[in-house]
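A.B. asks: To start, I am sharing the structure in question, which I have written as structure tokens.
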Amino acid sequence: MPPRLVLASQSPRRRELLEQLGLALEVRPAFADEAVLPGEGARAYATRVAHEKARAVSRDAAAGHEVVLGADTVVVLRGEVLGKPRDREEARHMLRLLSGSRHEVLTAVCVRRNAAALGVELDALVETAVRFAPLSGAAIDWYVSTGEPLDKAGAYAIQGAGGAFVLDVQGSVSNVVGLPLAETVDLLRRAGFPLPFDAPEGP
């Protein structure tokens, strides 16, 4: 029996990205401590949270029937981590900071599999540079009024209306959405998870 893929996230965007690859999965949201620790850099923070999510959801599957995927995405502007805004005013503040600037989107992915003969915990950290157009106060107010920024790291969604503000992307676009697909596929493959496009060709 092939292992079951478990997504340790309530993000509909991550689920959609995985389902686009033809992967069947179970969503089992994880609740990790997402407060930045004193002196913790953005890369260390994202990696820690991704691991905590995967570990919180991973069960002792002696036969290796679960592969758990945890991920965390952060927006970094001049060294400052911009998480999900707490309210509309904080969303406006973040968008004012991003206006006319280049920032980085970091996603850490952790894939964990427990088994009697195979126990693995793999991770990857992917960085994408994004450049925003200058935003007027009216544009920011309109975008915040849509509600889209309120549950997004950095207060925008590149796959939604927020994509209208993006001038340039250098690196993985799916990383900005919330899950770097090429790197995630590599982790799943290394963890022994069967991928539909890796099926052997017939005679």
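Each chain of the structure tokens is named A, B, ... in the order shown, its residues numbered from 1; ligands are numbered from 1 in display order.
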Please, which residues of region 49-132 of chain A, numbered as in this document, come out strand (DSSP E) from DSSP, as number ranges by chain?
C.D. replies: A: 66-77, 80-82, 102-113, 120-132
A.B. asks: Name all residues at most 12 Å from Val105 (chain A) (count only C-alpha atoms; drop same-chain ones fewer than 5 positions away) and give them as a PDB file with N, CA and C atoms, in the first residue's frame.
C.D. replies:
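Contents of result.pdb, freshly written:
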```pdb
ATOM      1  N   ALA A  42      15.162  35.280   9.503  1.00  0.00           N
ATOM      2  CA  ALA A  42      14.005  34.849   8.726  1.00  0.00           C
ATOM      3  C   ALA A  42      14.140  33.405   8.242  1.00  0.00           C
ATOM      4  N   ARG A  43      15.324  33.033   7.772  1.00  0.00           N
ATOM      5  CA  ARG A  43      15.513  31.678   7.256  1.00  0.00           C
ATOM      6  C   ARG A  43      15.391  30.632   8.370  1.00  0.00           C
ATOM      7  N   ALA A  46      11.582  30.423   9.422  1.00  0.00           N
ATOM      8  CA  ALA A  46      10.717  29.674   8.511  1.00  0.00           C
ATOM      9  C   ALA A  46      11.009  28.182   8.587  1.00  0.00           C
ATOM     10  N   ASP A  72       6.166  26.763   5.706  1.00  0.00           N
ATOM     11  CA  ASP A  72       5.941  28.107   6.243  1.00  0.00           C
ATOM     12  C   ASP A  72       6.505  29.125   5.268  1.00  0.00           C
ATOM     13  N   THR A  73       5.713  30.151   4.995  1.00  0.00           N
ATOM     14  CA  THR A  73       6.109  31.201   4.052  1.00  0.00           C
ATOM     15  C   THR A  73       6.177  32.543   4.772  1.00  0.00           C
ATOM     16  N   VAL A  74       7.254  33.277   4.542  1.00  0.00           N
ATOM     17  CA  VAL A  74       7.391  34.605   5.125  1.00  0.00           C
ATOM     18  C   VAL A  74       7.838  35.588   4.050  1.00  0.00           C
ATOM     19  N   VAL A  75       7.442  36.819   4.229  1.00  0.00           N
ATOM     20  CA  VAL A  75       7.888  37.913   3.372  1.00  0.00           C
ATOM     21  C   VAL A  75       8.923  38.713   4.160  1.00  0.00           C
ATOM     22  N   VAL A  76      10.041  39.007   3.521  1.00  0.00           N
ATOM     23  CA  VAL A  76      11.137  39.701   4.203  1.00  0.00           C
ATOM     24  C   VAL A  76      11.466  40.977   3.439  1.00  0.00           C
ATOM     25  N   LEU A  77      11.408  42.091   4.136  1.00  0.00           N
ATOM     26  CA  LEU A  77      11.730  43.388   3.543  1.00  0.00           C
ATOM     27  C   LEU A  77      12.812  44.048   4.382  1.00  0.00           C
ATOM     28  N   ARG A  78      13.980  44.213   3.760  1.00  0.00           N
ATOM     29  CA  ARG A  78      15.123  44.828   4.445  1.00  0.00           C
ATOM     30  C   ARG A  78      15.368  44.182   5.810  1.00  0.00           C
ATOM     31  N   GLY A  79      15.308  42.851   5.828  1.00  0.00           N
ATOM     32  CA  GLY A  79      15.604  42.108   7.037  1.00  0.00           C
ATOM     33  C   GLY A  79      14.444  41.944   7.997  1.00  0.00           C
ATOM     34  N   GLU A  80      13.330  42.616   7.749  1.00  0.00           N
ATOM     35  CA  GLU A  80      12.165  42.530   8.637  1.00  0.00           C
ATOM     36  C   GLU A  80      11.186  41.486   8.123  1.00  0.00           C
ATOM     37  N   VAL A  81      10.759  40.580   9.001  1.00  0.00           N
ATOM     38  CA  VAL A  81       9.793  39.548   8.641  1.00  0.00           C
ATOM     39  C   VAL A  81       8.387  40.123   8.695  1.00  0.00           C
ATOM     40  N   LEU A  82       7.680  40.008   7.571  1.00  0.00           N
ATOM     41  CA  LEU A  82       6.284  40.446   7.512  1.00  0.00           C
ATOM     42  C   LEU A  82       5.408  39.194   7.466  1.00  0.00           C
ATOM     43  N   GLY A  83       4.730  38.918   8.546  1.00  0.00           N
ATOM     44  CA  GLY A  83       3.847  37.762   8.601  1.00  0.00           C
ATOM     45  C   GLY A  83       2.450  38.125   8.135  1.00  0.00           C
ATOM     46  N   LEU A  98       5.857  47.763   1.283  1.00  0.00           N
ATOM     47  CA  LEU A  98       6.194  47.032   0.062  1.00  0.00           C
ATOM     48  C   LEU A  98       6.130  47.911  -1.184  1.00  0.00           C
ATOM     49  N   LEU A 125      14.679  25.162   1.629  1.00  0.00           N
ATOM     50  CA  LEU A 125      14.326  26.575   1.805  1.00  0.00           C
ATOM     51  C   LEU A 125      14.500  27.267   0.468  1.00  0.00           C
ATOM     52  N   VAL A 126      13.437  27.896  -0.009  1.00  0.00           N
ATOM     53  CA  VAL A 126      13.451  28.515  -1.335  1.00  0.00           C
ATOM     54  C   VAL A 126      13.182  30.014  -1.197  1.00  0.00           C
ATOM     55  N   GLU A 127      13.940  30.801  -1.950  1.00  0.00           N
ATOM     56  CA  GLU A 127      13.818  32.254  -1.888  1.00  0.00           C
ATOM     57  C   GLU A 127      13.483  32.807  -3.271  1.00  0.00           C
ATOM     58  N   THR A 128      12.513  33.704  -3.315  1.00  0.00           N
ATOM     59  CA  THR A 128      12.110  34.373  -4.548  1.00  0.00           C
ATOM     60  C   THR A 128      12.103  35.879  -4.314  1.00  0.00           C
ATOM     61  N   ALA A 129      12.637  36.622  -5.265  1.00  0.00           N
ATOM     62  CA  ALA A 129      12.634  38.084  -5.173  1.00  0.00           C
ATOM     63  C   ALA A 129      11.431  38.634  -5.929  1.00  0.00           C
ATOM     64  N   VAL A 130      10.726  39.562  -5.307  1.00  0.00           N
ATOM     65  CA  VAL A 130       9.519  40.152  -5.892  1.00  0.00           C
ATOM     66  C   VAL A 130       9.645  41.677  -5.828  1.00  0.00           C
ATOM     67  N   ARG A 131       9.298  42.346  -6.936  1.00  0.00           N
ATOM     68  CA  ARG A 131       9.334  43.810  -6.966  1.00  0.00           C
ATOM     69  C   ARG A 131       7.929  44.359  -7.129  1.00  0.00           C
ATOM     70  N   LYS A 152      -2.731  36.602   4.501  1.00  0.00           N
ATOM     71  CA  LYS A 152      -1.589  36.330   3.631  1.00  0.00           C
ATOM     72  C   LYS A 152      -0.320  36.922   4.241  1.00  0.00           C
ATOM     73  N   ALA A 153       0.768  36.177   4.184  1.00  0.00           N
ATOM     74  CA  ALA A 153       2.057  36.715   4.603  1.00  0.00           C
ATOM     75  C   ALA A 153       2.406  37.919   3.739  1.00  0.00           C
ATOM     76  N   GLY A 154       2.782  39.024   4.373  1.00  0.00           N
ATOM     77  CA  GLY A 154       3.101  40.225   3.632  1.00  0.00           C
ATOM     78  C   GLY A 154       1.893  40.978   3.130  1.00  0.00           C
ATOM     79  N   TYR A 156      -0.450  40.227   0.874  1.00  0.00           N
ATOM     80  CA  TYR A 156      -0.862  40.188  -0.527  1.00  0.00           C
ATOM     81  C   TYR A 156      -0.839  38.772  -1.057  1.00  0.00           C
ATOM     82  N   ALA A 157      -1.608  38.546  -2.126  1.00  0.00           N
ATOM     83  CA  ALA A 157      -1.656  37.249  -2.800  1.00  0.00           C
ATOM     84  C   ALA A 157      -1.312  37.466  -4.271  1.00  0.00           C
ATOM     85  N   ILE A 158      -0.189  36.906  -4.701  1.00  0.00           N
ATOM     86  CA  ILE A 158       0.236  37.105  -6.086  1.00  0.00           C
ATOM     87  C   ILE A 158      -0.723  36.429  -7.054  1.00  0.00           C
ATOM     88  N   VAL A 169       9.199  39.138 -10.912  1.00  0.00           N
ATOM     89  CA  VAL A 169       9.453  37.998 -10.025  1.00  0.00           C
ATOM     90  C   VAL A 169      10.720  37.305 -10.502  1.00  0.00           C
ATOM     91  N   GLN A 170      11.666  37.097  -9.606  1.00  0.00           N
ATOM     92  CA  GLN A 170      12.886  36.372  -9.929  1.00  0.00           C
ATOM     93  C   GLN A 170      12.942  35.120  -9.066  1.00  0.00           C
ATOM     94  N   GLY A 171      12.665  33.978  -9.689  1.00  0.00           N
ATOM     95  CA  GLY A 171      12.645  32.722  -8.959  1.00  0.00           C
ATOM     96  C   GLY A 171      11.306  32.027  -9.095  1.00  0.00           C
ATOM     97  N   SER A 172      11.028  31.122  -8.190  1.00  0.00           N
ATOM     98  CA  SER A 172       9.821  30.295  -8.234  1.00  0.00           C
ATOM     99  C   SER A 172       8.564  31.103  -7.931  1.00  0.00           C
ATOM    100  N   VAL A 173       7.626  31.090  -8.864  1.00  0.00           N
ATOM    101  CA  VAL A 173       6.351  31.788  -8.640  1.00  0.00           C
ATOM    102  C   VAL A 173       5.491  31.007  -7.642  1.00  0.00           C
ATOM    103  N   SER A 174       5.502  29.673  -7.742  1.00  0.00           N
ATOM    104  CA  SER A 174       4.697  28.885  -6.799  1.00  0.00           C
ATOM    105  C   SER A 174       5.197  29.070  -5.370  1.00  0.00           C
ATOM    106  N   ASN A 175       6.473  29.400  -5.213  1.00  0.00           N
ATOM    107  CA  ASN A 175       7.011  29.705  -3.885  1.00  0.00           C
ATOM    108  C   ASN A 175       6.300  30.916  -3.280  1.00  0.00           C
ATOM    109  N   VAL A 176       6.028  31.917  -4.110  1.00  0.00           N
ATOM    110  CA  VAL A 176       5.348  33.125  -3.629  1.00  0.00           C
ATOM    111  C   VAL A 176       3.898  32.797  -3.264  1.00  0.00           C
ATOM    112  N   VAL A 177       3.289  31.867  -3.990  1.00  0.00           N
ATOM    113  CA  VAL A 177       1.929  31.442  -3.679  1.00  0.00           C
ATOM    114  C   VAL A 177       1.892  30.703  -2.341  1.00  0.00           C
ATOM    115  N   GLY A 178       2.990  29.987  -2.009  1.00  0.00           N
ATOM    116  CA  GLY A 178       3.023  29.316  -0.716  1.00  0.00           C
ATOM    117  C   GLY A 178       3.698  27.968  -0.689  1.00  0.00           C
ATOM    118  N   LEU A 179       4.096  27.440  -1.877  1.00  0.00           N
ATOM    119  CA  LEU A 179       4.751  26.134  -1.897  1.00  0.00           C
ATOM    120  C   LEU A 179       5.591  26.008  -3.167  1.00  0.00           C
ATOM    121  N   PRO A 180       6.917  25.953  -3.044  1.00  0.00           N
ATOM    122  CA  PRO A 180       7.773  25.792  -4.229  1.00  0.00           C
ATOM    123  C   PRO A 180       7.641  24.372  -4.774  1.00  0.00           C
TER     124      PRO A 180
END
```
A.B. asks: Given the choices A:Pro12, A:Gly41, A:Gly70, A:Gly22, which gets closest to Val111 (chain A) if the distance is worked out from only C-alpha atoms?
C.D. replies: A:Gly70
A.B. asks: As JSON, numbers by chain, please: the residues near Gly100 (chain A) (cut-off 8 Å, only C-alpha atoms, same-chain neighbours under 2 positions excluded).
C.D. replies: {"A": [98, 102, 131, 132, 133, 134, 135]}
A.B. asks: Can you tell me how far CA of His103 (chain A) sits from CA of Phe165 (chain A), in Å to one decimal?
C.D. replies: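 Separating CA of His103 (chain A) from CA of Phe165 (chain A) is a distance of 12.8 Å.
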A.B. asks: Measure the distance from CA of Pro149 (chain A) to CA of Arg92 (chain A) in Å and round it to one decimal.
C.D. replies: 9.0 Å
A.B. asks: Of the candidates A:Gly192, A:Pro29, A:Pro85, A:Gly39, which one gets nearest to Gly119 (chain A) if we count only C-alpha atoms?
C.D. replies: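 Of A:Gly192, A:Pro29, A:Pro85, A:Gly39, the one nearest Gly119 (chain A) is A:Gly192, counting only C-alpha atoms.
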A.B. asks: Counting only C-alpha atoms, what is within 10 Å of Arg112 (chain A), bar same-chain residues fewer than 4 positions away, as a PDB file with C-alpha atoms, in the first residue's frame?
C.D. replies:
```pdb
ATOM      1  CA  VAL A   6      -0.749  14.511   4.812  1.00  0.00           C
ATOM      2  CA  HIS A  51       9.618  21.438  11.012  1.00  0.00           C
ATOM      3  CA  ALA A  54       5.383  18.493  10.273  1.00  0.00           C
ATOM      4  CA  ARG A  55       6.383  17.044  13.637  1.00  0.00           C
ATOM      5  CA  VAL A  57       1.046  16.249  12.765  1.00  0.00           C
ATOM      6  CA  SER A  58       3.305  13.273  12.073  1.00  0.00           C
ATOM      7  CA  ARG A  59       2.074  10.042  13.613  1.00  0.00           C
ATOM      8  CA  GLU A  66       2.133   8.573   6.065  1.00  0.00           C
ATOM      9  CA  VAL A  67       4.298  11.234   4.527  1.00  0.00           C
ATOM     10  CA  VAL A  68       3.695  14.556   6.252  1.00  0.00           C
ATOM     11  CA  LEU A  69       4.422  17.883   4.587  1.00  0.00           C
ATOM     12  CA  GLY A  70       4.793  21.075   6.624  1.00  0.00           C
ATOM     13  CA  GLY A 119      12.595   7.281   8.962  1.00  0.00           C
ATOM     14  CA  VAL A 120      13.340  10.509   7.136  1.00  0.00           C
ATOM     15  CA  GLU A 121      12.974  14.214   7.756  1.00  0.00           C
ATOM     16  CA  LEU A 122      13.958  16.357   4.803  1.00  0.00           C
ATOM     17  CA  ASP A 123      13.726  20.084   4.227  1.00  0.00           C
ATOM     18  CA  LEU A 187      11.543  16.123  -1.238  1.00  0.00           C
ATOM     19  CA  LEU A 188       8.534  13.833  -1.722  1.00  0.00           C
ATOM     20  CA  ALA A 191      11.011  10.391   1.008  1.00  0.00           C
TER      21      ALA A 191
END
```
